[in-house]
file entry_22.pdb (PDB, C-alpha atoms)
ATOM      1  CA  MET K 993     -78.415 -12.036 -19.577  1.00  0.00           C
ATOM      2  CA  GLY K 994     -81.517 -12.769 -17.510  1.00  0.00           C
ATOM      3  CA  LEU K 995     -82.966 -10.779 -14.673  1.00  0.00           C
ATOM      4  CA  LYS K 996     -81.596 -11.920 -11.306  1.00  0.00           C
ATOM      5  CA  VAL K 997     -83.897 -12.701  -8.389  1.00  0.00           C
ATOM      6  CA  ASN K 998     -82.037 -10.133  -6.290  1.00  0.00           C
ATOM      7  CA  ASP K 999     -82.601  -7.566  -9.029  1.00  0.00           C
ATOM      8  CA  LEU K1000     -86.310  -8.366  -8.962  1.00  0.00           C
ATOM      9  CA  GLN K1001     -86.355  -7.797  -5.225  1.00  0.00           C
ATOM     10  CA  ALA K1002     -84.580  -4.463  -5.679  1.00  0.00           C
ATOM     11  CA  LEU K1003     -87.164  -3.461  -8.298  1.00  0.00           C
ATOM     12  CA  SER K1004     -89.971  -4.455  -5.978  1.00  0.00           C
ATOM     13  CA  ASP K1005     -88.431  -2.398  -3.162  1.00  0.00           C
ATOM     14  CA  ALA K1006     -88.010   0.593  -5.476  1.00  0.00           C
ATOM     15  CA  PHE K1007     -91.719   0.729  -6.197  1.00  0.00           C
ATOM     16  CA  ALA K1008     -92.846  -0.095  -2.652  1.00  0.00           C
ATOM     17  CA  PRO K1009     -94.487   3.344  -2.144  1.00  0.00           C
ATOM     18  CA  LEU K1010     -96.844   2.565  -5.049  1.00  0.00           C
ATOM     19  CA  LYS K1011     -97.808  -0.934  -3.906  1.00  0.00           C
ATOM     20  CA  ARG K1012    -101.381  -1.258  -2.779  1.00  0.00           C
ATOM     21  CA  PRO K1013    -101.822  -1.620   0.975  1.00  0.00           C
ATOM     22  CA  LYS K1014    -103.245  -4.900   2.276  1.00  0.00           C
ATOM     23  CA  LYS K1015    -106.288  -3.189   3.687  1.00  0.00           C
ATOM     24  CA  LYS K1016    -108.568  -1.719   1.016  1.00  0.00           C
ATOM     25  CA  ASP K1017    -109.810   1.833   1.593  1.00  0.00           C
ATOM     26  CA  PRO K1018    -113.331   2.199   0.121  1.00  0.00           C
ATOM     27  CA  ASP K1019    -113.026   5.996   0.345  1.00  0.00           C
ATOM     28  CA  ALA K1020    -109.696   6.169  -1.481  1.00  0.00           C
ATOM     29  CA  VAL K1021    -111.068   8.109  -4.474  1.00  0.00           C
ATOM     30  CA  LYS K1022    -113.178  10.486  -2.361  1.00  0.00           C
ATOM     31  CA  LYS K1023    -110.077  11.369  -0.345  1.00  0.00           C
ATOM     32  CA  MET K1024    -108.286  12.389  -3.550  1.00  0.00           C
ATOM     33  CA  LEU K1025    -110.909  14.928  -4.633  1.00  0.00           C
ATOM     34  CA  GLY K1026    -109.377  18.398  -4.632  1.00  0.00           C
ATOM     35  CA  ARG K1027    -106.240  17.226  -2.819  1.00  0.00           C
ATOM     36  CA  PHE K1028    -103.933  19.309  -5.052  1.00  0.00           C
ATOM     37  CA  LYS K1029    -106.455  21.860  -6.271  1.00  0.00           C
ATOM     38  CA  ASN K1030    -104.315  24.846  -5.281  1.00  0.00           C
ATOM     39  CA  ILE K1031    -100.894  23.876  -6.558  1.00  0.00           C
ATOM     40  CA  PHE K1032    -101.642  23.733 -10.291  1.00  0.00           C
ATOM     41  CA  PRO K1033    -102.315  26.703 -12.586  1.00  0.00           C
ATOM     42  CA  PRO K1034    -106.109  26.601 -13.101  1.00  0.00           C
ATOM     43  CA  GLU K1035    -105.995  27.965 -16.642  1.00  0.00           C
ATOM     44  CA  LYS K1036    -104.247  24.889 -18.033  1.00  0.00           C
ATOM     45  CA  SER K1037    -105.803  21.464 -18.551  1.00  0.00           C
ATOM     46  CA  SER K1038    -104.076  18.436 -17.076  1.00  0.00           C
ATOM     47  CA  ALA K1039    -103.367  17.084 -20.558  1.00  0.00           C
ATOM     48  CA  GLU K1040    -101.623  20.397 -21.403  1.00  0.00           C
ATOM     49  CA  LEU K1041     -99.699  20.423 -18.125  1.00  0.00           C
ATOM     50  CA  VAL K1042     -98.330  16.920 -18.673  1.00  0.00           C
ATOM     51  CA  ARG K1043     -97.435  17.624 -22.289  1.00  0.00           C
ATOM     52  CA  GLU K1044     -95.602  20.835 -21.358  1.00  0.00           C
ATOM     53  CA  MET K1045     -93.746  19.012 -18.601  1.00  0.00           C
ATOM     54  CA  ARG K1046     -92.651  16.334 -21.093  1.00  0.00           C
ATOM     55  CA  GLU K1047     -91.451  18.885 -23.617  1.00  0.00           C
ATOM     56  CA  LYS K1048     -89.412  20.691 -20.964  1.00  0.00           C
ATOM     57  CA  THR K1049     -87.899  17.431 -19.729  1.00  0.00           C
ATOM     58  CA  ILE K1050     -87.002  16.239 -23.220  1.00  0.00           C
ATOM     59  CA  ALA K1051     -85.554  19.645 -24.160  1.00  0.00           C
ATOM     60  CA  ARG K1052     -83.208  19.729 -21.134  1.00  0.00           C
TER      61      ARG K1052
ATOM     62  CA  MET L1119    -113.530  -7.909 -16.979  1.00  0.00           C
ATOM     63  CA  LYS L1120    -112.249  -5.147 -19.238  1.00  0.00           C
ATOM     64  CA  LYS L1121    -108.648  -4.020 -18.946  1.00  0.00           C
ATOM     65  CA  ILE L1122    -107.670  -0.383 -19.381  1.00  0.00           C
ATOM     66  CA  VAL L1123    -104.485   1.655 -19.228  1.00  0.00           C
ATOM     67  CA  ILE L1124    -104.767   4.987 -17.426  1.00  0.00           C
ATOM     68  CA  ASP L1125    -103.045   8.158 -18.621  1.00  0.00           C
ATOM     69  CA  ALA L1126    -101.650  10.737 -16.202  1.00  0.00           C
ATOM     70  CA  ASN L1127    -104.342  13.366 -16.847  1.00  0.00           C
ATOM     71  CA  ILE L1128    -107.103  11.137 -15.399  1.00  0.00           C
ATOM     72  CA  ILE L1129    -105.584  11.100 -11.917  1.00  0.00           C
ATOM     73  CA  LEU L1130    -104.708  14.805 -12.130  1.00  0.00           C
ATOM     74  CA  ASN L1131    -108.371  15.594 -13.008  1.00  0.00           C
ATOM     75  CA  VAL L1132    -109.447  14.234  -9.627  1.00  0.00           C
ATOM     76  CA  TRP L1133    -106.752  15.902  -7.518  1.00  0.00           C
ATOM     77  CA  ARG L1134    -107.446  19.236  -9.214  1.00  0.00           C
ATOM     78  CA  MET L1135    -111.270  18.877  -9.277  1.00  0.00           C
ATOM     79  CA  GLU L1136    -110.842  20.012 -12.840  1.00  0.00           C
ATOM     80  CA  THR L1137    -113.621  21.471 -14.966  1.00  0.00           C
ATOM     81  CA  ASP L1138    -113.569  22.288 -18.664  1.00  0.00           C
ATOM     82  CA  PRO L1139    -113.491  26.114 -18.754  1.00  0.00           C
ATOM     83  CA  SER L1140    -115.273  26.280 -22.128  1.00  0.00           C
ATOM     84  CA  THR L1141    -118.187  23.940 -21.309  1.00  0.00           C
ATOM     85  CA  GLY L1142    -118.219  23.879 -17.519  1.00  0.00           C
ATOM     86  CA  LEU L1143    -118.139  20.065 -17.656  1.00  0.00           C
ATOM     87  CA  ARG L1144    -116.841  18.642 -14.400  1.00  0.00           C
ATOM     88  CA  LEU L1145    -114.047  16.524 -15.796  1.00  0.00           C
ATOM     89  CA  TYR L1146    -113.212  15.139 -12.373  1.00  0.00           C
ATOM     90  CA  GLU L1147    -116.603  13.444 -11.987  1.00  0.00           C
ATOM     91  CA  ALA L1148    -116.183  10.875 -14.765  1.00  0.00           C
ATOM     92  CA  SER L1149    -112.492  10.423 -13.908  1.00  0.00           C
ATOM     93  CA  ALA L1150    -113.341   9.767 -10.248  1.00  0.00           C
ATOM     94  CA  SER L1151    -116.134   7.415 -11.267  1.00  0.00           C
ATOM     95  CA  LEU L1152    -113.689   5.451 -13.436  1.00  0.00           C
ATOM     96  CA  LEU L1153    -111.183   5.219 -10.568  1.00  0.00           C
ATOM     97  CA  GLU L1154    -114.040   4.004  -8.320  1.00  0.00           C
ATOM     98  CA  SER L1155    -114.745   1.239 -10.859  1.00  0.00           C
ATOM     99  CA  ILE L1156    -111.103   0.183 -10.632  1.00  0.00           C
ATOM    100  CA  LEU L1157    -111.184   0.323  -6.837  1.00  0.00           C
ATOM    101  CA  ASN L1158    -114.341  -1.826  -6.850  1.00  0.00           C
ATOM    102  CA  GLU L1159    -112.706  -4.258  -9.296  1.00  0.00           C
ATOM    103  CA  ASP L1160    -115.359  -3.735 -11.983  1.00  0.00           C
ATOM    104  CA  VAL L1161    -112.544  -3.020 -14.442  1.00  0.00           C
ATOM    105  CA  ALA L1162    -108.812  -3.774 -14.310  1.00  0.00           C
ATOM    106  CA  GLY L1163    -106.777  -0.564 -14.383  1.00  0.00           C
ATOM    107  CA  ILE L1164    -103.114  -0.495 -15.323  1.00  0.00           C
ATOM    108  CA  LEU L1165    -100.775   2.341 -14.412  1.00  0.00           C
ATOM    109  CA  LEU L1166     -97.265   2.275 -15.846  1.00  0.00           C
ATOM    110  CA  THR L1167     -94.408   3.218 -13.556  1.00  0.00           C
ATOM    111  CA  THR L1168     -93.371   5.760 -16.216  1.00  0.00           C
ATOM    112  CA  THR L1169     -96.843   7.346 -16.049  1.00  0.00           C
ATOM    113  CA  ALA L1170     -96.668   7.321 -12.242  1.00  0.00           C
ATOM    114  CA  MET L1171     -93.345   9.170 -12.438  1.00  0.00           C
ATOM    115  CA  GLU L1172     -94.853  11.729 -14.812  1.00  0.00           C
ATOM    116  CA  ILE L1173     -97.722  12.327 -12.390  1.00  0.00           C
ATOM    117  CA  LEU L1174     -95.383  12.617  -9.413  1.00  0.00           C
ATOM    118  CA  HIS L1175     -93.042  14.900 -11.362  1.00  0.00           C
ATOM    119  CA  CYS L1176     -95.986  17.176 -12.173  1.00  0.00           C
ATOM    120  CA  VAL L1177     -96.989  17.242  -8.495  1.00  0.00           C
ATOM    121  CA  ARG L1178     -93.419  17.903  -7.343  1.00  0.00           C
ATOM    122  CA  VAL L1179     -92.725  20.744  -9.804  1.00  0.00           C
ATOM    123  CA  ASN L1180     -96.046  22.489  -9.181  1.00  0.00           C
ATOM    124  CA  ALA L1181     -95.732  22.099  -5.399  1.00  0.00           C
ATOM    125  CA  GLU L1182     -92.280  23.709  -5.586  1.00  0.00           C
ATOM    126  CA  MET L1183     -93.652  26.571  -7.711  1.00  0.00           C
ATOM    127  CA  SER L1184     -96.447  27.208  -5.207  1.00  0.00           C
ATOM    128  CA  ARG L1185     -93.961  27.081  -2.300  1.00  0.00           C
ATOM    129  CA  LYS L1186     -95.465  23.946  -0.758  1.00  0.00           C
ATOM    130  CA  SER L1187     -93.415  21.022   0.528  1.00  0.00           C
ATOM    131  CA  ALA L1188     -92.669  19.023  -2.608  1.00  0.00           C
ATOM    132  CA  ASP L1189     -91.566  15.934  -0.651  1.00  0.00           C
ATOM    133  CA  PHE L1190     -94.770  15.889   1.355  1.00  0.00           C
ATOM    134  CA  ALA L1191     -96.855  16.382  -1.781  1.00  0.00           C
ATOM    135  CA  VAL L1192     -95.096  13.505  -3.553  1.00  0.00           C
ATOM    136  CA  ARG L1193     -95.503  11.164  -0.567  1.00  0.00           C
ATOM    137  CA  THR L1194     -99.198  12.050  -0.360  1.00  0.00           C
ATOM    138  CA  ALA L1195     -99.584  11.487  -4.079  1.00  0.00           C
ATOM    139  CA  GLU L1196     -97.863   8.091  -3.843  1.00  0.00           C
ATOM    140  CA  ARG L1197    -100.177   7.057  -1.035  1.00  0.00           C
ATOM    141  CA  ASP L1198    -103.254   8.102  -3.019  1.00  0.00           C
ATOM    142  CA  ILE L1199    -102.094   6.167  -6.077  1.00  0.00           C
ATOM    143  CA  SER L1200    -101.261   3.058  -4.038  1.00  0.00           C
ATOM    144  CA  ARG L1201    -104.785   2.941  -2.596  1.00  0.00           C
ATOM    145  CA  LEU L1202    -106.549   2.857  -5.973  1.00  0.00           C
ATOM    146  CA  GLY L1203    -106.031  -0.848  -6.649  1.00  0.00           C
ATOM    147  CA  LEU L1204    -104.258  -0.171  -9.934  1.00  0.00           C
ATOM    148  CA  GLN L1205    -101.930  -2.767 -11.429  1.00  0.00           C
ATOM    149  CA  ILE L1206     -98.621  -0.917 -11.300  1.00  0.00           C
ATOM    150  CA  THR L1207     -96.670  -2.137 -14.319  1.00  0.00           C
ATOM    151  CA  ILE L1208     -92.984  -1.766 -15.090  1.00  0.00           C
ATOM    152  CA  PRO L1209     -92.400  -1.577 -18.878  1.00  0.00           C
ATOM    153  CA  ASP L1210     -90.370  -4.614 -19.922  1.00  0.00           C
ATOM    154  CA  ALA L1211     -88.051  -5.165 -22.880  1.00  0.00           C
ATOM    155  CA  GLY L1212     -90.939  -6.177 -25.165  1.00  0.00           C
ATOM    156  CA  ILE L1213     -92.814  -2.963 -24.376  1.00  0.00           C
ATOM    157  CA  MET L1214     -89.693  -0.847 -24.883  1.00  0.00           C
ATOM    158  CA  GLY L1215     -89.003  -2.520 -28.255  1.00  0.00           C
ATOM    159  CA  LEU L1216     -92.525  -1.824 -29.481  1.00  0.00           C
ATOM    160  CA  ALA L1217     -92.310   1.704 -28.028  1.00  0.00           C
ATOM    161  CA  TYR L1218     -89.256   2.378 -30.154  1.00  0.00           C
ATOM    162  CA  ASP L1219     -91.134   1.228 -33.280  1.00  0.00           C
ATOM    163  CA  LEU L1220     -94.028   3.550 -32.417  1.00  0.00           C
ATOM    164  CA  PHE L1221     -91.670   6.402 -31.659  1.00  0.00           C
ATOM    165  CA  ARG L1222     -90.056   5.979 -35.075  1.00  0.00           C
ATOM    166  CA  ASP L1223     -93.016   5.040 -37.281  1.00  0.00           C
ATOM    167  CA  PHE L1224     -95.886   6.978 -35.677  1.00  0.00           C
ATOM    168  CA  HIS L1225     -93.826   9.959 -34.492  1.00  0.00           C
ATOM    169  CA  LEU L1226     -95.031   9.543 -30.927  1.00  0.00           C
ATOM    170  CA  ASP L1227     -93.066  11.239 -28.192  1.00  0.00           C
ATOM    171  CA  PRO L1228     -91.129   8.777 -26.013  1.00  0.00           C
ATOM    172  CA  TYR L1229     -93.659   8.838 -23.136  1.00  0.00           C
ATOM    173  CA  ASP L1230     -96.676   8.308 -25.393  1.00  0.00           C
ATOM    174  CA  ALA L1231     -94.798   5.570 -27.240  1.00  0.00           C
ATOM    175  CA  ILE L1232     -94.227   3.625 -23.998  1.00  0.00           C
ATOM    176  CA  LEU L1233     -97.834   4.165 -22.887  1.00  0.00           C
ATOM    177  CA  VAL L1234     -99.315   2.941 -26.164  1.00  0.00           C
ATOM    178  CA  ALA L1235     -96.845   0.052 -26.457  1.00  0.00           C
ATOM    179  CA  ALA L1236     -97.830  -1.134 -22.985  1.00  0.00           C
ATOM    180  CA  ALA L1237    -101.540  -0.939 -23.817  1.00  0.00           C
ATOM    181  CA  VAL L1238    -100.982  -2.971 -27.000  1.00  0.00           C
ATOM    182  CA  SER L1239     -98.678  -5.503 -25.279  1.00  0.00           C
ATOM    183  CA  GLU L1240    -101.069  -5.956 -22.350  1.00  0.00           C
ATOM    184  CA  LYS L1241    -103.955  -6.432 -24.836  1.00  0.00           C
ATOM    185  CA  ALA L1242    -105.836  -3.679 -23.063  1.00  0.00           C
ATOM    186  CA  ASP L1243    -109.380  -2.924 -24.222  1.00  0.00           C
ATOM    187  CA  ALA L1244    -108.664   0.788 -24.203  1.00  0.00           C
ATOM    188  CA  LEU L1245    -106.385   3.588 -23.223  1.00  0.00           C
ATOM    189  CA  ILE L1246    -108.155   6.222 -21.121  1.00  0.00           C
ATOM    190  CA  SER L1247    -106.924   9.745 -21.733  1.00  0.00           C
ATOM    191  CA  ARG L1248    -108.110  13.279 -22.375  1.00  0.00           C
ATOM    192  CA  ASP L1249    -105.120  14.029 -24.576  1.00  0.00           C
ATOM    193  CA  THR L1250    -106.556  14.751 -28.028  1.00  0.00           C
ATOM    194  CA  LYS L1251    -103.114  14.732 -29.691  1.00  0.00           C
ATOM    195  CA  LEU L1252    -102.477  11.232 -28.392  1.00  0.00           C
ATOM    196  CA  LYS L1253    -105.869  10.044 -29.619  1.00  0.00           C
ATOM    197  CA  LYS L1254    -105.301  11.454 -33.114  1.00  0.00           C
ATOM    198  CA  LYS L1255    -101.915   9.791 -33.475  1.00  0.00           C
ATOM    199  CA  THR L1256    -102.907   6.382 -32.107  1.00  0.00           C
ATOM    200  CA  ALA L1257    -106.469   5.906 -33.373  1.00  0.00           C
ATOM    201  CA  ARG L1258    -105.280   3.185 -35.762  1.00  0.00           C
ATOM    202  CA  LEU L1259    -103.532   1.260 -33.007  1.00  0.00           C
ATOM    203  CA  LEU L1260    -106.044   1.018 -30.179  1.00  0.00           C
ATOM    204  CA  PRO L1261    -109.206   2.656 -28.837  1.00  0.00           C
ATOM    205  CA  VAL L1262    -108.557   5.810 -26.799  1.00  0.00           C
ATOM    206  CA  PHE L1263    -111.521   6.973 -24.739  1.00  0.00           C
ATOM    207  CA  THR L1264    -112.206   9.826 -22.376  1.00  0.00           C
ATOM    208  CA  PRO L1265    -113.685   8.668 -19.054  1.00  0.00           C
ATOM    209  CA  GLU L1266    -117.088   9.999 -20.207  1.00  0.00           C
ATOM    210  CA  ASN L1267    -117.029   7.837 -23.346  1.00  0.00           C
ATOM    211  CA  PHE L1268    -115.831   4.606 -21.773  1.00  0.00           C
ATOM    212  CA  SER L1269    -118.359   2.154 -20.409  1.00  0.00           C
ATOM    213  CA  VAL L1270    -117.191  -0.382 -17.862  1.00  0.00           C
TER     214      VAL L1270
END
call {"tool": "encode", "arguments": {"input": "entry_22.pdb", "output": "structure tokens"}}
result
Amino acid sequence: MGLKVNDLQALSDAFAPLKRPKKKDPDAVKKMLGRFKNIFPPEKSSAELVREMREKTIAR
Amino acid sequence: MKKIVIDANIILNVWRMETDPSTGLRLYEASASLLESILNEDVAGILLTTTAMEILHCVRVNAEMSRKSADFAVRTAERDISRLGLQITIPDAGIMGLAYDLFRDFHLDPYDAILVAAAVSEKADALISRDTKLKKKTARLLPVFTPENFSV
């Protein structure tokens, strides 16, 4: 069974928040710097954080 | 133009302004520089929707734990990701089939299996990650570089 055009549209709508805006922001990366500095435990690396999150999700 | 697949930890490095506690290396600098290269279209960067969900899940859970608005944090994170000029890629049936092979034969966890399968299927030049476990397990399949070791 192939993918229907309407299904494609639904998929596209689902990921709309991640679609790049038409106007490019040259400062996009600078604006990200430190954005979530205070919400993560500083003692853990990002690689560790993601891996722990995966293990918890899989174990549920 | 080179094509790379981005792992979740690269984007988290920048948001957290992360440094390596043992060496003092500012991990966020090379990660931000790599994202700038993608933004400037010097290199094509791919982000899987599964990786995006992992990143957003991490943001949501940690925002909840620090009593911040998780919804606001996720919306902000989505907006940041959307502005980077990444090719957001939904894993298709071919990727999922290869991912299952990798899961079974290379003992990758399901998320790593999808990430590596996508990089192989997309004929990416490299996977960019700081995850040493991932690099060890997939060295035979494709190059895995840290942002410091990858040249655009």
call {"tool": "resolve_selection", "arguments": {"input": "entry_22.pdb", "expression": "the PyMOL selection byres ((chain K and resi 1022) around 10)", "output": "JSON, numbers by chain"}}
result
{"K": [1018, 1019, 1020, 1021, 1023, 1024, 1025, 1026, 1027], "L": [1132, 1133, 1150, 1151, 1153, 1154]}
call {"tool": "closest_atom_pairs", "arguments": {"input": "entry_22.pdb", "of": "chain K", "to": "chain L", "cutoff": "9 Å", "atoms": "only C-alpha atoms", "output": "CSV"}}
result
residue,atom,partner,partner_atom,distance
K:Phe1007,CA,L:Thr1167,CA,8.2
K:Pro1009,CA,L:Glu1196,CA,6.1
K:Leu1010,CA,L:Ser1200,CA,4.6
K:Lys1011,CA,L:Ser1200,CA,5.3
K:Arg1012,CA,L:Ser1200,CA,4.5
K:Pro1013,CA,L:Arg1201,CA,6.5
K:Lys1015,CA,L:Arg1201,CA,8.9
K:Lys1016,CA,L:Arg1201,CA,7.0
K:Asp1017,CA,L:Arg1201,CA,6.6
K:Pro1018,CA,L:Leu1157,CA,7.5
K:Asp1019,CA,L:Glu1154,CA,8.9
K:Ala1020,CA,L:Arg1201,CA,6.0
K:Val1021,CA,L:Glu1154,CA,6.4
K:Lys1022,CA,L:Ala1150,CA,7.9
K:Lys1023,CA,L:Asp1198,CA,8.0
K:Met1024,CA,L:Trp1133,CA,5.5
K:Leu1025,CA,L:Trp1133,CA,5.2
K:Gly1026,CA,L:Trp1133,CA,4.6
K:Arg1027,CA,L:Trp1133,CA,4.9
K:Phe1028,CA,L:Trp1133,CA,5.1
K:Lys1029,CA,L:Arg1134,CA,4.1
K:Asn1030,CA,L:Arg1134,CA,7.5
K:Ile1031,CA,L:Ala1181,CA,5.6
K:Phe1032,CA,L:Asn1180,CA,5.8
K:Pro1033,CA,L:Asn1180,CA,8.3
K:Pro1034,CA,L:Glu1136,CA,8.1
K:Glu1035,CA,L:Pro1139,CA,8.0
K:Ser1037,CA,L:Glu1136,CA,7.8
K:Ser1038,CA,L:Asn1127,CA,5.1
K:Ala1039,CA,L:Asn1127,CA,5.3
K:Glu1040,CA,L:Asp1249,CA,7.9
K:Leu1041,CA,L:Cys1176,CA,7.7
K:Val1042,CA,L:Cys1176,CA,6.9
K:Arg1043,CA,L:Asp1249,CA,8.8
K:Met1045,CA,L:Cys1176,CA,7.1
K:Arg1046,CA,L:Tyr1229,CA,7.8
K:Ile1050,CA,L:Pro1228,CA,9.0
call {"tool": "atom_distance", "arguments": {"input": "entry_22.pdb", "atom1": "atom CA of Thr1168 of chain L", "atom2": "atom CA of Lys1014 of chain K"}}
result
23.5 Å
call {"tool": "atom_distance", "arguments": {"input": "entry_22.pdb", "atom1": "atom CA of Lys1241 of chain L", "atom2": "atom CA of Lys1120 of chain L"}}
result
10.1 Å
call {"tool": "resolve_selection", "arguments": {"input": "entry_22.pdb", "expression": "the PyMOL selection byres ((chain L and resi 1236) around 10)", "output": "list in words"}}
result
Val1123, Ile1164, Leu1165, Leu1166, Thr1207, Ile1208, Pro1209, Asp1210, Gly1212, Ile1213, Met1214, Leu1216, Ala1217, Asp1230, Ala1231, Ile1232, Leu1233, Val1234, Ala1235, Ala1237, Val1238, Ser1239, Glu1240, Lys1241, Ala1242 and Leu1245 of chain L
call {"tool": "atom_distance", "arguments": {"input": "entry_22.pdb", "atom1": "atom CA of Met1119 of chain L", "atom2": "atom CA of Val1161 of chain L"}}
result
5.6 Å
call {"tool": "axis_aligned_box", "arguments": {"input": "entry_22.pdb", "around": "segment 1002-1012 of chain K", "padding_each_side": "3 Å", "output": "AutoDock Vina command-line options"}}
result
--center_x -93.0 --center_y -0.6 --center_z -5.2 --size_x 22.8 --size_y 13.8 --size_z 12.2
call {"tool": "closest_residue", "arguments": {"input": "entry_22.pdb", "among": "L:Ile1124, L:Ala1211, L:Ala1148, L:Leu1143", "to": "Pro1265 of chain L", "atoms": "all atoms listed in the file"}}
result
L:Ala1148
